[in-house]
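Source file work31.txt; content: compact mmCIF, C-alpha atoms.
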```txt
# COMPACT_ATOMS: atom_id res chain seq x y z
CA MET G 384 71.57 -52.20 -161.70
CA ILE G 385 68.09 -51.82 -160.26
CA LYS G 386 66.95 -48.47 -158.99
CA ALA G 387 64.41 -48.40 -156.20
CA ARG G 388 62.53 -45.84 -154.19
CA VAL G 389 61.35 -46.54 -150.66
CA THR G 390 58.75 -44.20 -149.17
CA VAL G 391 58.21 -44.19 -145.41
CA THR G 392 55.16 -42.52 -143.92
CA LEU G 393 53.57 -42.35 -140.49
CA LYS G 394 50.76 -44.80 -139.83
CA ASN G 395 47.23 -43.53 -139.56
CA GLY G 396 46.44 -42.59 -136.00
CA VAL G 397 50.01 -41.56 -135.20
CA LEU G 398 50.14 -37.84 -134.50
CA ASP G 399 52.41 -35.87 -136.82
CA PRO G 400 53.31 -32.52 -135.22
CA GLN G 401 55.75 -31.75 -138.06
CA GLY G 402 53.00 -32.29 -140.64
CA LYS G 403 50.71 -30.00 -138.60
CA ALA G 404 53.37 -27.28 -138.53
CA ILE G 405 53.89 -27.58 -142.29
CA GLU G 406 50.13 -27.37 -142.80
CA GLY G 407 50.06 -24.17 -140.73
CA ALA G 408 52.95 -22.68 -142.72
CA LEU G 409 51.22 -23.46 -146.02
CA GLY G 410 48.15 -21.65 -144.71
CA ALA G 411 50.32 -18.69 -143.72
CA LEU G 412 51.63 -18.56 -147.32
CA GLY G 413 48.09 -18.16 -148.56
CA PHE G 414 47.44 -21.71 -149.74
CA SER G 415 43.92 -22.17 -148.51
CA GLY G 416 42.09 -25.45 -148.30
CA VAL G 417 45.14 -27.59 -147.53
CA GLY G 418 44.18 -30.24 -144.99
CA ALA G 419 45.84 -33.15 -143.26
CA VAL G 420 49.49 -32.72 -144.28
CA ARG G 421 51.56 -35.76 -143.33
CA GLN G 422 55.32 -35.72 -143.80
CA GLY G 423 57.58 -38.70 -144.42
CA LYS G 424 60.89 -39.89 -145.85
CA VAL G 425 62.08 -41.01 -149.26
CA PHE G 426 65.10 -43.29 -149.87
CA ASP G 427 66.55 -43.79 -153.36
CA LEU G 428 68.69 -46.90 -153.64
CA ALA G 429 70.71 -48.50 -156.42
CA LEU G 430 71.00 -52.28 -156.13
CA GLU G 431 73.50 -54.42 -157.99
CA GLY G 432 72.20 -57.19 -160.24
CA GLN G 433 69.09 -57.68 -162.36
CA ASP G 434 66.99 -59.99 -160.19
CA ARG G 435 63.92 -57.90 -159.43
CA ALA G 436 62.29 -60.47 -157.17
CA LYS G 437 65.42 -60.66 -155.04
CA ALA G 438 65.68 -56.87 -155.00
CA GLU G 439 62.12 -56.60 -153.78
CA ALA G 440 62.67 -59.19 -151.06
CA ASP G 441 65.90 -57.48 -149.97
CA LEU G 442 64.23 -54.07 -149.87
CA LYS G 443 61.40 -55.44 -147.76
CA ALA G 444 63.94 -56.83 -145.29
CA MET G 445 65.79 -53.47 -145.27
CA CYS G 446 62.56 -51.67 -144.45
CA GLU G 447 61.64 -54.09 -141.68
CA LYS G 448 65.12 -54.05 -140.15
CA LEU G 449 66.16 -50.42 -140.52
CA LEU G 450 64.53 -47.99 -142.94
CA ALA G 451 61.15 -47.91 -141.20
CA ASN G 452 60.14 -48.19 -137.58
CA THR G 453 57.09 -50.36 -138.06
CA VAL G 454 55.70 -49.41 -134.65
CA ILE G 455 54.81 -46.00 -136.10
CA GLU G 456 55.63 -46.11 -139.82
CA ASN G 457 54.43 -47.75 -143.04
CA TYR G 458 56.59 -48.20 -146.12
CA THR G 459 56.12 -48.71 -149.84
CA ILE G 460 58.67 -50.03 -152.33
CA ALA G 461 58.79 -49.02 -156.00
CA LEU G 462 61.26 -50.43 -158.54
CA ASP G 463 62.24 -48.41 -161.61
CA MET Z 157 77.19 -54.87 -107.64
CA LYS Z 158 79.03 -54.25 -110.87
CA SER Z 159 77.87 -52.02 -113.69
CA ALA Z 160 78.79 -51.18 -117.27
CA VAL Z 161 78.24 -48.05 -119.35
CA VAL Z 162 77.88 -48.38 -123.11
CA GLN Z 163 79.69 -45.88 -125.31
CA LEU Z 164 78.73 -45.04 -128.88
CA PRO Z 165 79.78 -42.15 -131.11
CA GLY Z 166 77.57 -39.15 -130.42
CA LEU Z 167 76.54 -40.08 -126.89
CA ASN Z 168 77.47 -37.25 -124.55
CA ARG Z 169 76.02 -38.18 -121.15
CA ASP Z 170 78.32 -41.15 -120.61
CA ARG Z 171 80.66 -39.28 -118.26
CA ASP Z 172 77.74 -38.03 -116.15
CA MET Z 173 76.49 -41.61 -115.95
CA ILE Z 174 79.91 -42.99 -115.01
CA ALA Z 175 80.21 -40.34 -112.27
CA ALA Z 176 76.74 -41.13 -110.91
CA LEU Z 177 77.31 -44.90 -110.84
CA THR Z 178 80.74 -44.47 -109.24
CA LYS Z 179 79.47 -42.14 -106.53
CA ILE Z 180 76.42 -44.21 -105.68
CA SER Z 181 77.93 -47.71 -105.79
CA GLY Z 182 81.49 -46.83 -104.76
CA LYS Z 183 82.75 -48.71 -107.83
CA ALA Z 184 83.54 -47.30 -111.24
CA PRO Z 185 81.56 -48.99 -114.04
CA VAL Z 186 83.38 -50.70 -116.88
CA THR Z 187 82.91 -49.03 -120.23
CA VAL Z 188 81.84 -50.98 -123.30
CA TRP Z 189 82.45 -49.73 -126.85
CA GLN Z 190 79.85 -50.18 -129.58
CA THR Z 191 81.81 -52.86 -131.46
CA GLU Z 192 82.27 -55.12 -128.44
CA THR Z 193 80.39 -58.38 -128.53
CA ASP Z 194 81.55 -59.69 -125.20
CA ILE Z 195 80.25 -57.70 -122.24
CA PRO Z 196 81.92 -58.46 -118.89
CA ASP Z 197 79.83 -60.02 -116.12
CA VAL Z 198 77.93 -57.13 -114.57
CA ASP Z 199 74.61 -56.71 -112.78
CA LEU Z 200 73.56 -53.52 -114.55
CA ILE Z 201 74.22 -52.24 -118.08
CA VAL Z 202 73.45 -48.57 -118.71
CA ILE Z 203 72.99 -46.93 -122.11
CA PRO Z 204 73.36 -43.20 -121.46
CA GLY Z 205 71.94 -40.21 -123.30
CA GLY Z 206 73.18 -38.08 -126.15
CA PHE Z 207 72.85 -38.09 -129.90
CA SER Z 208 74.23 -41.40 -131.14
CA TYR Z 209 75.03 -41.24 -134.85
CA GLY Z 210 73.76 -37.68 -134.94
CA ASP Z 211 70.16 -38.88 -134.60
CA TYR Z 212 70.40 -39.83 -138.31
CA LEU Z 213 67.42 -41.74 -139.77
CA ARG Z 214 65.60 -41.86 -136.39
CA CYS Z 215 66.92 -41.27 -132.88
CA GLY Z 216 68.71 -44.42 -131.76
CA ALA Z 217 68.03 -46.29 -135.02
CA ILE Z 218 71.64 -46.76 -136.13
CA ALA Z 219 72.97 -47.41 -132.62
CA ALA Z 220 70.35 -50.11 -132.11
CA ARG Z 221 71.91 -52.11 -134.99
CA MET Z 222 75.48 -52.03 -133.62
CA PRO Z 223 77.14 -55.29 -132.46
CA VAL Z 224 77.06 -54.30 -128.79
CA MET Z 225 73.26 -54.28 -128.88
CA GLN Z 226 73.15 -57.97 -129.79
CA ALA Z 227 75.35 -58.64 -126.76
CA ILE Z 228 73.03 -56.52 -124.59
CA ARG Z 229 70.01 -58.39 -125.92
CA GLU Z 230 71.59 -61.70 -124.87
CA LYS Z 231 72.44 -60.33 -121.41
CA ALA Z 232 68.92 -58.98 -121.00
CA GLU Z 233 67.46 -62.36 -121.90
CA LYS Z 234 69.57 -63.85 -119.11
CA GLY Z 235 68.09 -61.37 -116.65
CA VAL Z 236 70.86 -58.77 -116.41
CA LYS Z 237 69.40 -55.35 -115.62
CA VAL Z 238 69.53 -52.83 -118.48
CA LEU Z 239 68.77 -49.12 -118.06
CA GLY Z 240 68.46 -46.75 -121.02
CA VAL Z 241 68.25 -43.02 -120.35
CA CYS Z 242 67.11 -40.52 -122.99
CA ASN Z 243 68.93 -41.59 -126.17
CA GLY Z 244 69.51 -44.88 -124.37
CA PHE Z 245 65.71 -45.26 -124.11
CA GLN Z 246 65.35 -44.47 -127.80
CA ILE Z 247 68.01 -47.11 -128.59
CA LEU Z 248 66.24 -49.79 -126.47
CA LEU Z 249 62.98 -49.09 -128.32
CA GLU Z 250 64.64 -49.19 -131.74
CA ALA Z 251 66.32 -52.45 -130.74
CA GLY Z 252 62.94 -53.92 -129.84
CA LEU Z 253 63.92 -54.53 -126.22
CA LEU Z 254 61.04 -52.31 -125.10
CA PRO Z 255 57.62 -51.71 -126.71
CA GLY Z 256 56.56 -48.46 -128.36
CA ALA Z 257 58.39 -45.59 -130.07
CA LEU Z 258 59.61 -42.08 -129.29
CA MET Z 259 58.67 -39.34 -131.71
CA ARG Z 260 59.42 -35.64 -132.14
CA ASN Z 261 58.13 -33.56 -129.19
CA ALA Z 262 54.59 -32.32 -129.80
CA SER Z 263 55.87 -28.73 -129.42
CA LEU Z 264 58.54 -29.45 -132.09
CA LYS Z 265 60.97 -27.79 -129.67
CA PHE Z 266 63.94 -29.17 -127.79
CA VAL Z 267 63.03 -29.13 -124.08
CA CYS Z 268 65.66 -28.67 -121.39
CA LYS Z 269 64.17 -28.11 -117.96
CA GLU Z 270 63.08 -29.73 -114.72
CA ILE Z 271 59.88 -31.73 -114.56
CA LYS Z 272 58.03 -33.75 -111.91
CA LEU Z 273 58.12 -37.48 -112.19
CA GLN Z 274 55.68 -39.83 -110.52
CA VAL Z 275 56.85 -43.32 -109.60
CA VAL Z 276 53.79 -45.27 -110.73
CA ASN Z 277 55.38 -48.64 -110.06
CA ALA Z 278 57.69 -48.73 -107.05
CA ASP Z 279 57.76 -52.53 -107.04
CA THR Z 280 60.60 -52.88 -109.55
CA ASP Z 281 64.34 -53.49 -109.43
CA PHE Z 282 64.85 -49.87 -110.44
CA THR Z 283 62.42 -48.06 -108.16
CA ARG Z 284 62.23 -49.86 -104.86
CA ALA Z 285 64.04 -46.99 -103.10
CA TYR Z 286 60.92 -44.89 -103.72
CA ALA Z 287 57.41 -45.03 -102.32
CA GLN Z 288 54.54 -46.02 -104.62
CA GLY Z 289 53.18 -42.84 -106.18
CA GLN Z 290 56.05 -40.69 -104.94
CA VAL Z 291 56.67 -37.56 -106.99
CA ILE Z 292 60.33 -36.70 -107.59
CA ARG Z 293 62.14 -33.93 -109.43
CA SER Z 294 64.09 -34.75 -112.58
CA PRO Z 295 65.78 -32.86 -115.39
CA VAL Z 296 64.80 -33.58 -119.00
CA ALA Z 297 66.69 -32.58 -122.15
CA HIS Z 298 65.43 -33.94 -125.47
CA HIS Z 299 63.86 -33.24 -128.84
CA ASP Z 300 62.28 -36.65 -129.40
CA GLY Z 301 60.65 -37.79 -126.19
CA ASN Z 302 57.06 -38.08 -127.31
CA TYR Z 303 56.24 -41.67 -126.35
CA PHE Z 304 53.79 -43.55 -128.51
CA ALA Z 305 52.31 -47.03 -128.29
CA ASP Z 306 49.19 -48.23 -130.09
CA ALA Z 307 46.04 -48.99 -128.10
CA GLU Z 308 46.82 -52.69 -127.78
CA ALA Z 309 50.42 -52.13 -126.65
CA LEU Z 310 49.32 -49.42 -124.23
CA ALA Z 311 46.73 -51.69 -122.65
CA ALA Z 312 49.38 -54.39 -122.21
CA LEU Z 313 51.79 -51.89 -120.59
CA GLN Z 314 49.08 -50.77 -118.19
CA GLY Z 315 47.88 -54.29 -117.42
CA ASN Z 316 51.37 -55.61 -116.69
CA GLY Z 317 52.50 -52.67 -114.56
CA GLN Z 318 55.20 -51.88 -117.14
CA ILE Z 319 54.67 -48.13 -116.92
CA VAL Z 320 57.22 -47.14 -114.27
CA PHE Z 321 57.33 -43.33 -114.50
CA LYS Z 322 54.81 -40.72 -115.58
CA TYR Z 323 55.19 -36.96 -115.90
CA ALA Z 324 53.29 -35.54 -112.92
CA GLU Z 325 51.32 -32.42 -112.14
CA GLY Z 326 50.88 -31.24 -115.72
CA THR Z 327 54.61 -31.26 -116.47
CA ASN Z 328 54.45 -33.54 -119.56
CA PRO Z 329 57.07 -31.76 -121.68
CA ASN Z 330 56.68 -33.63 -124.96
CA GLY Z 331 53.12 -34.85 -125.57
CA SER Z 332 53.79 -38.46 -124.52
CA ILE Z 333 50.70 -40.63 -124.59
CA ASP Z 334 49.28 -41.21 -121.09
CA ASP Z 335 52.08 -38.92 -119.71
CA ILE Z 336 54.50 -41.87 -119.97
CA ALA Z 337 58.10 -41.04 -119.04
CA GLY Z 338 59.53 -44.53 -118.52
CA VAL Z 339 58.57 -48.14 -119.28
CA MET Z 340 60.06 -51.53 -118.57
CA ASN Z 341 59.85 -54.89 -120.30
CA LYS Z 342 57.48 -57.58 -119.11
CA ALA Z 343 60.24 -59.43 -117.26
CA GLY Z 344 61.05 -56.22 -115.36
CA ASN Z 345 64.81 -56.17 -115.97
CA VAL Z 346 64.95 -53.60 -118.81
CA LEU Z 347 63.91 -50.00 -118.10
CA GLY Z 348 63.92 -47.04 -120.48
CA MET Z 349 63.21 -43.47 -119.42
CA MET Z 350 63.48 -40.02 -120.99
CA PRO Z 351 64.42 -37.97 -117.87
CA HIS Z 352 68.00 -37.78 -116.62
CA PRO Z 353 68.18 -39.08 -113.02
CA GLU Z 354 72.00 -39.10 -113.23
CA ASN Z 355 71.94 -35.31 -113.21
CA LEU Z 356 70.21 -35.03 -109.84
CA ILE Z 357 72.12 -37.22 -107.42
CA GLU Z 358 73.95 -34.89 -105.00
CA ALA Z 359 73.80 -31.50 -103.31
CA ALA Z 360 75.98 -29.95 -106.03
CA HIS Z 361 73.17 -30.78 -108.50
CA GLY Z 362 70.61 -29.06 -106.29
CA GLY Z 363 69.06 -32.30 -105.07
CA SER Z 364 69.37 -36.06 -105.05
CA ASP Z 365 65.94 -37.26 -106.20
CA GLY Z 366 67.46 -39.33 -109.01
CA ARG Z 367 69.70 -41.32 -106.71
CA GLY Z 368 67.08 -43.92 -105.83
CA ILE Z 369 67.00 -45.38 -109.35
CA PHE Z 370 70.69 -46.27 -109.21
CA ALA Z 371 70.57 -47.22 -105.54
CA SER Z 372 67.72 -49.62 -106.35
CA ALA Z 373 69.37 -51.11 -109.43
CA LEU Z 374 72.74 -51.46 -107.71
CA ASP Z 375 71.20 -52.72 -104.48
CA VAL Z 376 72.80 -50.04 -102.30
CA ILE Z 377 69.70 -48.46 -100.79
CA ALA Z 378 70.68 -46.69 -97.57
CA ALA Z 379 69.05 -48.28 -94.54
```
Rewrite the structure from the file as structure tokens, please.
Amino acid sequence: MIKARVTVTLKNGVLDPQGKAIEGALGALGFSGVGAVRQGKVFDLALEGQDRAKAEADLKAMCEKLLANTVIENYTIALD
Amino acid sequence: MKSAVVQLPGLNRDRDMIAALTKISGKAPVTVWQTETDIPDVDLIVIPGGFSYGDYLRCGAIAARMPVMQAIREKAEKGVKVLGVCNGFQILLEAGLLPGALMRNASLKFVCKEIKLQVVNADTDFTRAYAQGQVIRSPVAHHDGNYFADAEALAALQGNGQIVFKYAEGTNPNGSIDDIAGVMNKAGNVLGMMPHPENLIEAAHGGSDGRGIFASALDVIAA
């Protein structure tokens, strides 16, 4: 079993109104000096088998085909 | 002309769309379920609005990977007209049949109201019932209608006349780049739009400004 974490974030230059709202809420809680909050998504996956190269290739295909919308999002893949 | 309406779990504007197509063309559309891979011969396929798959992952993302979308892609490549409204627009973008993406409204709020829509390209199969530049009324109802395309894609849309509708007179309800409300593919047979023309087609709706889109696509423009 291979455990993997996929992180999907908005590309630079894509406006993130949710991140802006979170930034404002952090300020309202008294956390000063917090700038440029960008929110994203995390996917934890468990893959059968031990072939790490295959897992990485499969995860890349999953990101391209479904997990990320590459028009607006970037992704990173980390294996345990 | 014959039409079809696609049905997926979570869509909720399909009955409105069926009613609009039936009233305007005089013929009821066939309905196509998400698992179908063989779409009957029709001239227009409509993907209506709603919340397919609960908007999980991203609006339209799961629906765009259903078998019916492969069948729609093949039909579109053969020149069959495809119209996606609201969630249908989101699905067409996620399926890669149209360029760009729709993101959360800039206000972060669901908007449900009437806006003004300018027909910025009246020389299309979907808009020829209107005059170039005509401003029409249309309802909108969405949470993720904030259209985005990068600079290169936007320039291509503008250069090819693929921007069909824009929010007019300061009524942009969602922060869409360049006030874009609807775009088509380069070939001109696939149109996606956030507003709901099917909800403004007769006196009982308080107006019929949306009728021209269906009349154009179904080739039943009144003389």
Fewer than 5 positions away in the same chain doesn't count, so skip those; otherwise give me all residues within 10 Å of G:Gly407, counting only C-alpha atoms, as a PDB file with C-alpha atoms, keeping the file's coordinate frame.
```pdb
ATOM      1  CA  GLN G 401      55.750 -31.750-138.060  1.00  0.00           C
ATOM      2  CA  GLY G 402      53.000 -32.290-140.640  1.00  0.00           C
ATOM      3  CA  LEU G 412      51.630 -18.560-147.320  1.00  0.00           C
ATOM      4  CA  PHE G 414      47.440 -21.710-149.740  1.00  0.00           C
ATOM      5  CA  VAL G 417      45.140 -27.590-147.530  1.00  0.00           C
ATOM      6  CA  GLY G 418      44.180 -30.240-144.990  1.00  0.00           C
ATOM      7  CA  VAL G 420      49.490 -32.720-144.280  1.00  0.00           C
TER       8      VAL G 420
END
```
Would you mind telling me which residue in G:Gly396, G:Met384, G:Val389, G:Glu406 lies nearest to G:Val454 when using only C-alpha atoms? G:Gly396
Quick one: which residues from chain G are at most 10 Å off chain Z, using all atoms listed in the file, as a list in words?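 Result, ordered by chain then number: Gly396, Val397, Leu398, Asp399, Pro400, Gln401, Lys403, Ala404, Lys424, Lys448, Leu449, Leu450, Ala451, Asn452, Thr453, Val454 and Ile455 of chain G.
Rounded to one decimal, atom CA of Z:Asp197 and atom CA of Z:Arg284 lie 23.2 Å from each other.
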One-decimal distance in Å that lies between atom CA of Z:Gln318 and atom CA of Z:Gln246: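 Computed distance, atom CA of Z:Gln246 to atom CA of Z:Gln318, equals 16.5 Å.
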Would you work out the distance separating atom CA of G:Val425 from atom CA of Z:Pro223, expressed in Å to one decimal? 26.7 Å
Using only C-alpha atoms, what residues lie at most 12 Å away from (66.9, -50.4, -119.0) (file coordinates), given as a ChimeraX atom specification? /Z:161-162,199-204,228-229,231-232,235-249,251,253-254,280-283,318,320,338-350,369-370,373
Could you add N, CA and C atoms to stretch 397-421 of chain G and give me the result as a PDB file, in the coordinates of the input?
```pdb
ATOM      1  N   VAL G 397      48.824 -42.067-135.884  1.00  0.00           N
ATOM      2  CA  VAL G 397      50.010 -41.560-135.200  1.00  0.00           C
ATOM      3  C   VAL G 397      50.071 -40.048-135.440  1.00  0.00           C
ATOM      4  N   LEU G 398      50.124 -39.292-134.363  1.00  0.00           N
ATOM      5  CA  LEU G 398      50.140 -37.840-134.500  1.00  0.00           C
ATOM      6  C   LEU G 398      51.401 -37.398-135.223  1.00  0.00           C
ATOM      7  N   ASP G 399      51.278 -36.370-136.046  1.00  0.00           N
ATOM      8  CA  ASP G 399      52.410 -35.870-136.820  1.00  0.00           C
ATOM      9  C   ASP G 399      52.551 -34.364-136.607  1.00  0.00           C
ATOM     10  N   PRO G 400      53.204 -33.969-135.492  1.00  0.00           N
ATOM     11  CA  PRO G 400      53.310 -32.520-135.220  1.00  0.00           C
ATOM     12  C   PRO G 400      54.075 -31.772-136.315  1.00  0.00           C
ATOM     13  N   GLN G 401      55.031 -32.430-136.980  1.00  0.00           N
ATOM     14  CA  GLN G 401      55.750 -31.750-138.060  1.00  0.00           C
ATOM     15  C   GLN G 401      54.809 -31.477-139.239  1.00  0.00           C
ATOM     16  N   GLY G 402      53.980 -32.469-139.567  1.00  0.00           N
ATOM     17  CA  GLY G 402      53.000 -32.290-140.640  1.00  0.00           C
ATOM     18  C   GLY G 402      52.050 -31.146-140.320  1.00  0.00           C
ATOM     19  N   LYS G 403      51.621 -31.078-139.051  1.00  0.00           N
ATOM     20  CA  LYS G 403      50.710 -30.000-138.600  1.00  0.00           C
ATOM     21  C   LYS G 403      51.366 -28.638-138.787  1.00  0.00           C
ATOM     22  N   ALA G 404      52.659 -28.555-138.412  1.00  0.00           N
ATOM     23  CA  ALA G 404      53.370 -27.280-138.530  1.00  0.00           C
ATOM     24  C   ALA G 404      53.513 -26.872-139.992  1.00  0.00           C
ATOM     25  N   ILE G 405      53.763 -27.864-140.850  1.00  0.00           N
ATOM     26  CA  ILE G 405      53.890 -27.580-142.290  1.00  0.00           C
ATOM     27  C   ILE G 405      52.549 -27.097-142.839  1.00  0.00           C
ATOM     28  N   GLU G 406      51.481 -27.760-142.386  1.00  0.00           N
ATOM     29  CA  GLU G 406      50.130 -27.370-142.800  1.00  0.00           C
ATOM     30  C   GLU G 406      49.856 -25.907-142.426  1.00  0.00           C
ATOM     31  N   GLY G 407      50.259 -25.550-141.193  1.00  0.00           N
ATOM     32  CA  GLY G 407      50.060 -24.170-140.730  1.00  0.00           C
ATOM     33  C   GLY G 407      50.863 -23.192-141.575  1.00  0.00           C
ATOM     34  N   ALA G 408      52.098 -23.575-141.932  1.00  0.00           N
ATOM     35  CA  ALA G 408      52.950 -22.680-142.720  1.00  0.00           C
ATOM     36  C   ALA G 408      52.404 -22.504-144.126  1.00  0.00           C
ATOM     37  N   LEU G 409      51.831 -23.582-144.687  1.00  0.00           N
ATOM     38  CA  LEU G 409      51.220 -23.460-146.020  1.00  0.00           C
ATOM     39  C   LEU G 409      50.048 -22.484-145.972  1.00  0.00           C
ATOM     40  N   GLY G 410      49.266 -22.582-144.881  1.00  0.00           N
ATOM     41  CA  GLY G 410      48.150 -21.650-144.710  1.00  0.00           C
ATOM     42  C   GLY G 410      48.641 -20.218-144.631  1.00  0.00           C
ATOM     43  N   ALA G 411      49.763 -20.034-143.893  1.00  0.00           N
ATOM     44  CA  ALA G 411      50.320 -18.690-143.720  1.00  0.00           C
ATOM     45  C   ALA G 411      50.811 -18.125-145.062  1.00  0.00           C
ATOM     46  N   LEU G 412      51.178 -19.001-145.986  1.00  0.00           N
ATOM     47  CA  LEU G 412      51.630 -18.560-147.320  1.00  0.00           C
ATOM     48  C   LEU G 412      50.466 -18.254-148.250  1.00  0.00           C
ATOM     49  N   GLY G 413      49.263 -18.485-147.764  1.00  0.00           N
ATOM     50  CA  GLY G 413      48.090 -18.160-148.560  1.00  0.00           C
ATOM     51  C   GLY G 413      47.490 -19.340-149.307  1.00  0.00           C
ATOM     52  N   PHE G 414      48.049 -20.532-149.106  1.00  0.00           N
ATOM     53  CA  PHE G 414      47.440 -21.710-149.740  1.00  0.00           C
ATOM     54  C   PHE G 414      46.266 -22.156-148.894  1.00  0.00           C
ATOM     55  N   SER G 415      45.091 -21.822-149.317  1.00  0.00           N
ATOM     56  CA  SER G 415      43.920 -22.170-148.510  1.00  0.00           C
ATOM     57  C   SER G 415      43.428 -23.561-148.899  1.00  0.00           C
ATOM     58  N   GLY G 416      42.701 -24.161-147.997  1.00  0.00           N
ATOM     59  CA  GLY G 416      42.090 -25.450-148.300  1.00  0.00           C
ATOM     60  C   GLY G 416      43.054 -26.621-148.282  1.00  0.00           C
ATOM     61  N   VAL G 417      44.222 -26.456-147.658  1.00  0.00           N
ATOM     62  CA  VAL G 417      45.140 -27.590-147.530  1.00  0.00           C
ATOM     63  C   VAL G 417      44.878 -28.265-146.190  1.00  0.00           C
ATOM     64  N   GLY G 418      44.499 -29.536-146.231  1.00  0.00           N
ATOM     65  CA  GLY G 418      44.180 -30.240-144.990  1.00  0.00           C
ATOM     66  C   GLY G 418      45.018 -31.482-144.829  1.00  0.00           C
ATOM     67  N   ALA G 419      45.227 -31.859-143.583  1.00  0.00           N
ATOM     68  CA  ALA G 419      45.840 -33.150-143.260  1.00  0.00           C
ATOM     69  C   ALA G 419      47.171 -33.385-143.969  1.00  0.00           C
ATOM     70  N   VAL G 420      48.140 -32.512-143.742  1.00  0.00           N
ATOM     71  CA  VAL G 420      49.490 -32.720-144.280  1.00  0.00           C
ATOM     72  C   VAL G 420      50.216 -33.734-143.405  1.00  0.00           C
ATOM     73  N   ARG G 421      50.767 -34.744-144.041  1.00  0.00           N
ATOM     74  CA  ARG G 421      51.560 -35.760-143.330  1.00  0.00           C
ATOM     75  C   ARG G 421      52.932 -35.806-143.995  1.00  0.00           C
TER      76      ARG G 421
END
```
